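Below is protein.cif, which holds mmCIF, C-alpha atoms and all ligand atoms.
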data_entry
#
loop_
_atom_site.label_atom_id
_atom_site.label_comp_id
_atom_site.auth_asym_id
_atom_site.auth_seq_id
_atom_site.Cartn_x
_atom_site.Cartn_y
_atom_site.Cartn_z
CA MET O 1 -4.84 -7.98 8.54
CA THR O 2 -5.82 -8.71 4.98
CA SER O 3 -9.01 -10.17 3.62
CA ALA O 4 -9.65 -13.85 3.74
CA GLY O 5 -11.14 -14.08 0.31
CA PRO O 6 -11.51 -17.57 -1.07
CA ALA O 7 -8.70 -18.84 -3.24
CA THR O 8 -9.44 -19.34 -6.90
CA THR O 9 -8.85 -22.81 -8.18
CA ALA O 10 -7.55 -23.96 -11.51
CA SER O 11 -11.10 -24.44 -12.75
CA ASN O 12 -11.81 -20.72 -12.99
CA THR O 13 -8.45 -19.48 -14.16
CA ALA O 14 -9.44 -19.22 -17.80
CA SER O 15 -6.74 -17.60 -19.88
CA PHE O 16 -6.24 -14.00 -18.82
CA LEU O 17 -2.65 -13.57 -20.05
CA ASP O 18 -1.45 -13.43 -23.61
CA HIS O 19 0.59 -16.62 -23.78
CA ASP O 20 3.44 -15.23 -25.90
CA LYS O 21 3.68 -12.02 -23.93
CA ALA O 22 3.79 -13.92 -20.67
CA LEU O 23 6.56 -16.17 -21.98
CA ALA O 24 8.67 -13.26 -23.21
CA CYS O 25 10.24 -12.84 -19.78
CA ILE O 26 13.61 -14.58 -19.74
CA HIS O 27 14.16 -14.04 -16.01
CA CYS O 28 17.30 -11.98 -16.57
CA GLY O 29 16.54 -9.74 -13.58
CA LEU O 30 17.62 -6.53 -15.26
CA CYS O 31 14.34 -4.92 -14.22
CA LEU O 32 14.79 -5.51 -10.50
CA SER O 33 16.79 -2.41 -9.73
CA SER O 34 14.21 -0.25 -11.51
CA CYS O 35 11.23 -1.54 -9.58
CA PRO O 36 10.35 0.65 -6.58
CA THR O 37 8.37 -2.05 -4.83
CA TYR O 38 11.23 -4.54 -5.07
CA LEU O 39 13.61 -1.92 -3.76
CA GLU O 40 11.21 -1.26 -0.92
CA THR O 41 10.59 -4.83 0.22
CA GLY O 42 13.52 -6.78 -1.24
CA ASN O 43 11.02 -9.56 -1.94
CA GLU O 44 11.31 -11.28 -5.33
CA ASN O 45 7.53 -11.62 -5.43
CA ASP O 46 7.29 -7.82 -5.40
CA SER O 47 9.49 -7.55 -8.49
CA PRO O 48 8.40 -7.59 -12.14
CA ARG O 49 10.06 -10.95 -12.69
CA GLY O 50 8.47 -12.41 -9.57
CA ARG O 51 5.03 -11.08 -10.39
CA ILE O 52 5.17 -12.44 -13.93
CA HIS O 53 6.14 -15.79 -12.44
CA LEU O 54 3.12 -15.63 -10.12
CA MET O 55 0.78 -14.58 -12.95
CA ARG O 56 1.92 -17.48 -15.09
CA ALA O 57 1.58 -19.93 -12.24
CA VAL O 58 -1.99 -18.77 -11.60
CA GLN O 59 -2.86 -18.96 -15.27
CA ASP O 60 -1.40 -22.45 -15.57
CA GLY O 61 -3.36 -23.59 -12.53
CA ARG O 62 -0.19 -24.31 -10.54
CA LEU O 63 -1.07 -21.68 -7.96
CA SER O 64 -4.40 -20.62 -6.55
CA LEU O 65 -5.44 -16.99 -6.52
CA GLY O 66 -5.17 -16.49 -2.77
CA ASP O 67 -4.57 -13.42 -0.63
CA SER O 68 -0.80 -13.71 -0.89
CA VAL O 69 -0.70 -13.62 -4.69
CA VAL O 70 -3.25 -10.82 -4.79
CA ARG O 71 -1.23 -8.79 -2.33
CA HIS O 72 1.92 -9.01 -4.46
CA VAL O 73 -0.04 -7.87 -7.51
CA ASP O 74 -1.84 -5.16 -5.53
CA LEU O 75 1.49 -3.72 -4.38
CA CYS O 76 2.58 -3.09 -7.97
CA LEU O 77 2.44 0.64 -8.66
CA GLY O 78 1.81 0.13 -12.36
CA CYS O 79 4.57 2.65 -13.07
CA ARG O 80 6.00 0.41 -15.83
CA ALA O 81 9.55 1.44 -15.06
CA CYS O 82 10.34 -2.24 -15.63
CA GLU O 83 9.20 -2.09 -19.24
CA ALA O 84 11.68 0.65 -20.06
CA VAL O 85 14.69 -1.45 -19.07
CA CYS O 86 13.54 -4.88 -20.23
CA PRO O 87 15.78 -6.29 -23.00
CA SER O 88 13.06 -8.73 -24.07
CA GLY O 89 10.43 -6.07 -24.54
CA VAL O 90 8.09 -7.67 -22.02
CA GLN O 91 4.82 -5.75 -22.06
CA TYR O 92 4.40 -5.87 -18.34
CA GLY O 93 1.61 -3.28 -18.29
CA GLN O 94 -0.64 -5.50 -20.38
CA LEU O 95 0.10 -8.56 -18.27
CA LEU O 96 -0.72 -6.54 -15.17
CA GLU O 97 -3.99 -5.25 -16.61
CA GLY O 98 -5.12 -8.76 -17.55
CA THR O 99 -4.21 -10.08 -14.12
CA ARG O 100 -5.94 -7.26 -12.27
CA ASP O 101 -9.02 -7.76 -14.34
CA HIS O 102 -8.93 -11.45 -13.51
CA ILE O 103 -8.48 -10.70 -9.80
CA GLY O 104 -11.39 -8.26 -9.91
CA LYS O 105 -13.65 -10.98 -11.29
CA HIS O 106 -12.45 -13.96 -9.31
CA HIS O 107 -11.10 -12.82 -5.97
CA GLU O 108 -13.44 -11.79 -3.21
CA ARG O 109 -12.12 -8.93 -1.10
CA SER O 110 -13.23 -8.00 2.39
CA PRO O 111 -15.76 -5.13 2.59
CA TRP O 112 -13.06 -2.88 4.10
CA GLN O 113 -10.59 -3.61 1.30
CA SER O 114 -13.27 -3.07 -1.31
CA PHE O 115 -14.19 0.25 0.26
CA LEU O 116 -10.56 1.37 0.43
CA ARG O 117 -9.95 0.44 -3.17
CA ARG O 118 -13.05 2.22 -4.35
CA VAL O 119 -12.11 5.38 -2.48
CA ALA O 120 -8.32 5.41 -2.89
CA ILE O 121 -7.86 3.90 -6.33
CA GLU O 122 -10.96 5.05 -8.12
CA ARG O 123 -11.68 8.37 -6.43
CA VAL O 124 -8.28 9.68 -5.28
CA LEU O 125 -5.24 8.36 -7.20
CA PRO O 126 -6.41 9.36 -10.70
CA PHE O 127 -7.03 12.97 -9.63
CA PRO O 128 -3.90 15.06 -8.90
CA GLU O 129 -5.81 17.63 -6.81
CA ARG O 130 -7.35 14.93 -4.60
CA MET O 131 -3.99 13.16 -4.38
CA GLU O 132 -2.42 16.38 -3.20
CA LEU O 133 -5.10 16.72 -0.53
CA ALA O 134 -4.61 13.11 0.59
CA LEU O 135 -0.90 13.77 1.03
CA VAL O 136 -1.46 16.81 3.21
CA PRO O 137 -0.76 14.90 6.47
CA ALA O 138 2.61 13.72 5.13
CA GLN O 139 3.43 17.19 3.90
CA VAL O 140 2.44 18.73 7.26
CA LEU O 141 4.70 16.29 9.10
CA LEU O 142 7.54 17.11 6.77
CA GLU O 143 6.89 20.81 7.22
CA VAL O 144 7.00 20.49 11.01
CA ALA O 145 10.25 18.56 10.80
CA LEU O 146 11.74 21.20 8.54
CA GLN O 147 10.74 24.05 10.86
CA ALA O 148 12.10 22.52 14.06
CA GLU O 149 15.38 24.16 14.99
CA SER O 150 16.62 21.12 16.84
CA ALA O 151 15.76 18.70 14.05
CA ARG O 152 19.05 17.55 12.65
CA VAL O 153 17.69 14.32 11.23
CA PHE O 154 14.46 14.36 9.31
CA TYR O 155 12.08 11.48 9.40
CA LEU O 156 10.20 11.30 6.16
CA ALA O 157 6.92 9.88 4.98
CA ARG O 158 7.03 6.62 3.12
CA ALA O 159 6.24 8.05 -0.26
CA THR O 160 8.37 9.53 -2.96
CA LEU O 161 5.46 11.86 -3.66
CA ALA O 162 6.11 13.50 -0.31
CA VAL O 163 9.69 14.24 -1.33
CA PRO O 164 9.72 17.70 -2.88
CA PHE O 165 12.20 17.14 -5.72
CA GLY O 166 13.30 14.66 -8.37
CA PRO O 167 11.87 13.27 -11.61
CA ASP O 168 9.03 11.32 -9.97
CA CYS O 169 7.94 14.17 -7.76
CA ALA O 170 4.33 15.26 -8.24
CA PHE O 171 4.65 18.57 -6.37
CA PRO O 172 8.18 19.97 -6.66
CA SER O 173 9.21 22.59 -4.15
CA GLU O 174 12.52 24.35 -4.42
CA ALA O 175 12.02 25.95 -0.99
CA LYS O 176 11.52 22.62 0.77
CA THR O 177 14.40 21.07 -1.12
CA GLU O 178 16.65 23.88 0.03
CA ARG O 179 15.64 23.38 3.65
CA ILE O 180 16.21 19.64 3.38
CA ARG O 181 19.69 20.35 2.07
CA SER O 182 20.47 22.05 5.38
CA ALA O 183 19.96 18.81 7.31
CA ASP O 184 22.91 16.87 8.57
CA ARG O 185 21.37 13.72 7.30
CA VAL O 186 18.04 12.50 6.01
CA VAL O 187 16.33 9.33 7.13
CA GLY O 188 14.04 7.65 4.64
CA VAL O 189 11.80 4.79 5.57
CA SER O 190 12.55 2.84 2.45
CA GLU O 191 15.71 2.08 0.55
CA TYR O 192 14.01 3.55 -2.49
CA VAL O 193 13.42 6.92 -0.81
CA ALA O 194 16.92 6.99 0.66
CA ARG O 195 18.44 6.19 -2.71
CA TYR O 196 16.22 8.84 -4.29
CA PHE O 197 17.69 11.43 -1.97
CA ARG O 198 21.26 10.40 -2.68
CA GLN O 199 20.71 10.24 -6.42
CA HIS O 200 18.59 13.30 -7.09
CA ALA O 201 19.60 15.73 -4.38
CA GLY O 202 23.10 14.63 -3.45
CA ILE O 203 21.94 14.47 0.16
CA ASP O 204 23.27 11.91 2.59
CA ALA O 205 20.36 9.59 3.31
CA VAL O 206 19.99 6.34 5.18
CA HIS O 207 17.38 3.63 5.04
CA VAL O 208 15.60 2.51 8.19
CA PRO O 209 13.25 -0.46 8.67
CA ILE O 210 9.64 0.27 7.75
CA SER O 211 8.33 -0.54 11.19
CA LEU O 212 9.96 1.10 14.19
CA LEU O 213 9.23 -2.09 16.07
CA GLU O 214 11.37 -4.27 13.86
CA PRO O 215 14.23 -5.60 15.96
CA GLU O 216 16.97 -4.47 13.64
CA GLU O 217 20.00 -2.36 14.30
CA TRP O 218 19.26 1.28 13.47
CA PRO O 219 21.61 2.90 11.01
CA ALA O 220 24.16 5.33 12.35
CA GLY O 221 22.85 8.87 12.56
CA GLY O 222 19.20 7.90 12.94
CA ASN O 223 19.72 5.97 16.16
CA GLN O 224 18.82 8.44 18.85
CA LEU O 225 15.82 9.96 17.11
CA LEU O 226 14.34 6.61 16.29
CA ARG O 227 14.98 5.14 19.74
CA ASP O 228 13.28 8.15 21.30
CA ARG O 229 10.29 7.72 19.04
CA LYS O 230 10.15 4.02 19.72
CA ARG O 231 10.22 4.64 23.48
CA SER O 232 7.36 7.12 23.25
CA ARG O 233 5.10 4.77 21.28
CA PRO O 234 2.24 3.27 23.34
CA ARG O 235 2.74 -0.41 24.04
CA GLY O 236 0.17 -2.70 22.57
S1 LIG O 301 14.02 -7.40 -17.51
FE1 LIG O 301 12.31 -8.26 -18.71
S2 LIG O 301 13.01 -10.34 -19.29
FE2 LIG O 301 14.35 -9.63 -17.62
S3 LIG O 301 13.38 -10.45 -15.73
FE3 LIG O 301 12.59 -8.35 -16.04
S4 LIG O 301 10.68 -8.63 -17.19
FE4 LIG O 301 11.82 -10.54 -17.38
S1 LIG O 302 5.07 -1.55 -12.91
FE1 LIG O 302 6.51 -0.47 -11.51
S2 LIG O 302 6.05 -1.32 -9.46
FE2 LIG O 302 5.08 -2.69 -10.98
S3 LIG O 302 6.60 -4.30 -11.35
FE3 LIG O 302 6.99 -2.73 -12.93
S4 LIG O 302 8.54 -1.33 -12.01
FE4 LIG O 302 7.67 -2.59 -10.35
#
Rewrite the structure of this file - the entire thing - as structure tokens.
Ligand code: SF4
Ligand code: SF4
Amino acid sequence: MTSAGPATTASNTASFLDHDKALACIHCGLCLSSCPTYLETGNENDSPRGRIHLMRAVQDGRLSLGDSVVRHVDLCLGCRACEAVCPSGVQYGQLLEGTRDHIGKHHERSPWQSFLRRVAIERVLPFPERMELALVPAQVLLEVALQAESARVFYLARATLAVPFGPDCAFPSEAKTERIRSADRVVGVSEYVARYFRQHAGIDAVHVPISLLEPEEWPAGGNQLLRDRKRSRPRG
């Protein structure tokens, strides 16, 4: 699973957050519904409020900088949608930058994680052309689903970037959007994607669990497709 990097202790958690900026959060929770990672996982620690709480705890030496904390910070997209809705003017982006810098200096990642971060974050994400190339598999899958005559429910990639419309879309496509509109129903693998469909395309969309192996009840409409897929997956 994830790296087993050593936890950082209070002794090397020298101040990495601006004290006043970190204290500006009043825990009101108004940012939660704007945070895509919170909407995806439903975990408070993946929300702006939760992450600020973790950052402060690490800075104060109440929490060590272990894999769990790092994972919650890593999952943040840095989109700063939370800043736009915060009534206290919390400068989340700056808190995040300070924390990531601190993690970079004090948390040891596994060689695999380091490699992935170097390739994905430094060499792919900042470059739109490379990002587009990296998303080709998701786009191909979507294309296949759109072409299939019998496909009445589309199963989509877990990325808003793979959705061809809406304000956050990197590569809008009117043609793909039109074909999606012809579906009976769309299945998104996260609540965020499903909500995105409903909000920006007026298309009926349902959320399904991220893992097909999760023992949850499938939502109506996606049942048969997902059960078939689950049955065809190799056991292991
Ligand atoms: S909206 Fe601002 S003050 Fe409220 S919980 Fe989120 S970050 Fe904190
Ligand atoms: S920057 Fe984006 S992903 Fe990160 S906490 Fe704020 S809204 Fe959530």
### Task
Enumerate residues in contact with ligand LIG 301 (chain O): an atom-to-atom distance of at most 10 Å, counting all atoms listed in the file. Format the result as a ChimeraX atom specification.
/O:22-35,47-53,82-92
Using C-alpha atoms, can you export the residues from the last selection as an mmCIF file, in the frame of the given file?
data_model
loop_
_atom_site.group_PDB
_atom_site.id
_atom_site.type_symbol
_atom_site.label_atom_id
_atom_site.label_comp_id
_atom_site.auth_asym_id
_atom_site.auth_seq_id
_atom_site.Cartn_x
_atom_site.Cartn_y
_atom_site.Cartn_z
ATOM 1 C CA ALA O 22 3.790 -13.920 -20.670
ATOM 2 C CA LEU O 23 6.560 -16.170 -21.980
ATOM 3 C CA ALA O 24 8.670 -13.260 -23.210
ATOM 4 C CA CYS O 25 10.240 -12.840 -19.780
ATOM 5 C CA ILE O 26 13.610 -14.580 -19.740
ATOM 6 C CA HIS O 27 14.160 -14.040 -16.010
ATOM 7 C CA CYS O 28 17.300 -11.980 -16.570
ATOM 8 C CA GLY O 29 16.540 -9.740 -13.580
ATOM 9 C CA LEU O 30 17.620 -6.530 -15.260
ATOM 10 C CA CYS O 31 14.340 -4.920 -14.220
ATOM 11 C CA LEU O 32 14.790 -5.510 -10.500
ATOM 12 C CA SER O 33 16.790 -2.410 -9.730
ATOM 13 C CA SER O 34 14.210 -0.250 -11.510
ATOM 14 C CA CYS O 35 11.230 -1.540 -9.580
ATOM 15 C CA SER O 47 9.490 -7.550 -8.490
ATOM 16 C CA PRO O 48 8.400 -7.590 -12.140
ATOM 17 C CA ARG O 49 10.060 -10.950 -12.690
ATOM 18 C CA GLY O 50 8.470 -12.410 -9.570
ATOM 19 C CA ARG O 51 5.030 -11.080 -10.390
ATOM 20 C CA ILE O 52 5.170 -12.440 -13.930
ATOM 21 C CA HIS O 53 6.140 -15.790 -12.440
ATOM 22 C CA CYS O 82 10.340 -2.240 -15.630
ATOM 23 C CA GLU O 83 9.200 -2.090 -19.240
ATOM 24 C CA ALA O 84 11.680 0.650 -20.060
ATOM 25 C CA VAL O 85 14.690 -1.450 -19.070
ATOM 26 C CA CYS O 86 13.540 -4.880 -20.230
ATOM 27 C CA PRO O 87 15.780 -6.290 -23.000
ATOM 28 C CA SER O 88 13.060 -8.730 -24.070
ATOM 29 C CA GLY O 89 10.430 -6.070 -24.540
ATOM 30 C CA VAL O 90 8.090 -7.670 -22.020
ATOM 31 C CA GLN O 91 4.820 -5.750 -22.060
ATOM 32 C CA TYR O 92 4.400 -5.870 -18.340
#
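Of the residues under consideration (O:Pro164, O:Arg123, O:Arg181, O:Leu17), O:Leu17 shows the shortest atom-to-atom contact distance to O:Gly93 when counting all atoms listed in the file.
Taking atom CA of O:Met131 and atom CA of O:His106 as the two end points, the separation is 28.8 Å.
Restricting the calculation to all atoms listed in the file, the smallest distance between ligand LIG 302 (chain O) and any of O:Ala134, O:Ala81, O:Ile103, O:Ala201 is found for O:Ala81.
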Work out where the centre of an axis-aligned box around every listed atom of ligand LIG 302 (chain O) lies and how long its edges are once 3 Å is added on each side; give both in Å to one decimal as AutoDock Vina command-line options.
--center_x 6.8 --center_y -2.4 --center_z -11.2 --size_x 9.5 --size_y 9.8 --size_z 9.5
## Note on the structure
If you count all atoms listed in the file, the residue of O:Phe16, O:Ser182, O:Tyr196, O:Asn43 closest to O:Gly61 turns out to be O:Phe16
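When atom CA of O:Ala120 is paired with atom CA of O:Gly104, their separation reads 15.7 Å.
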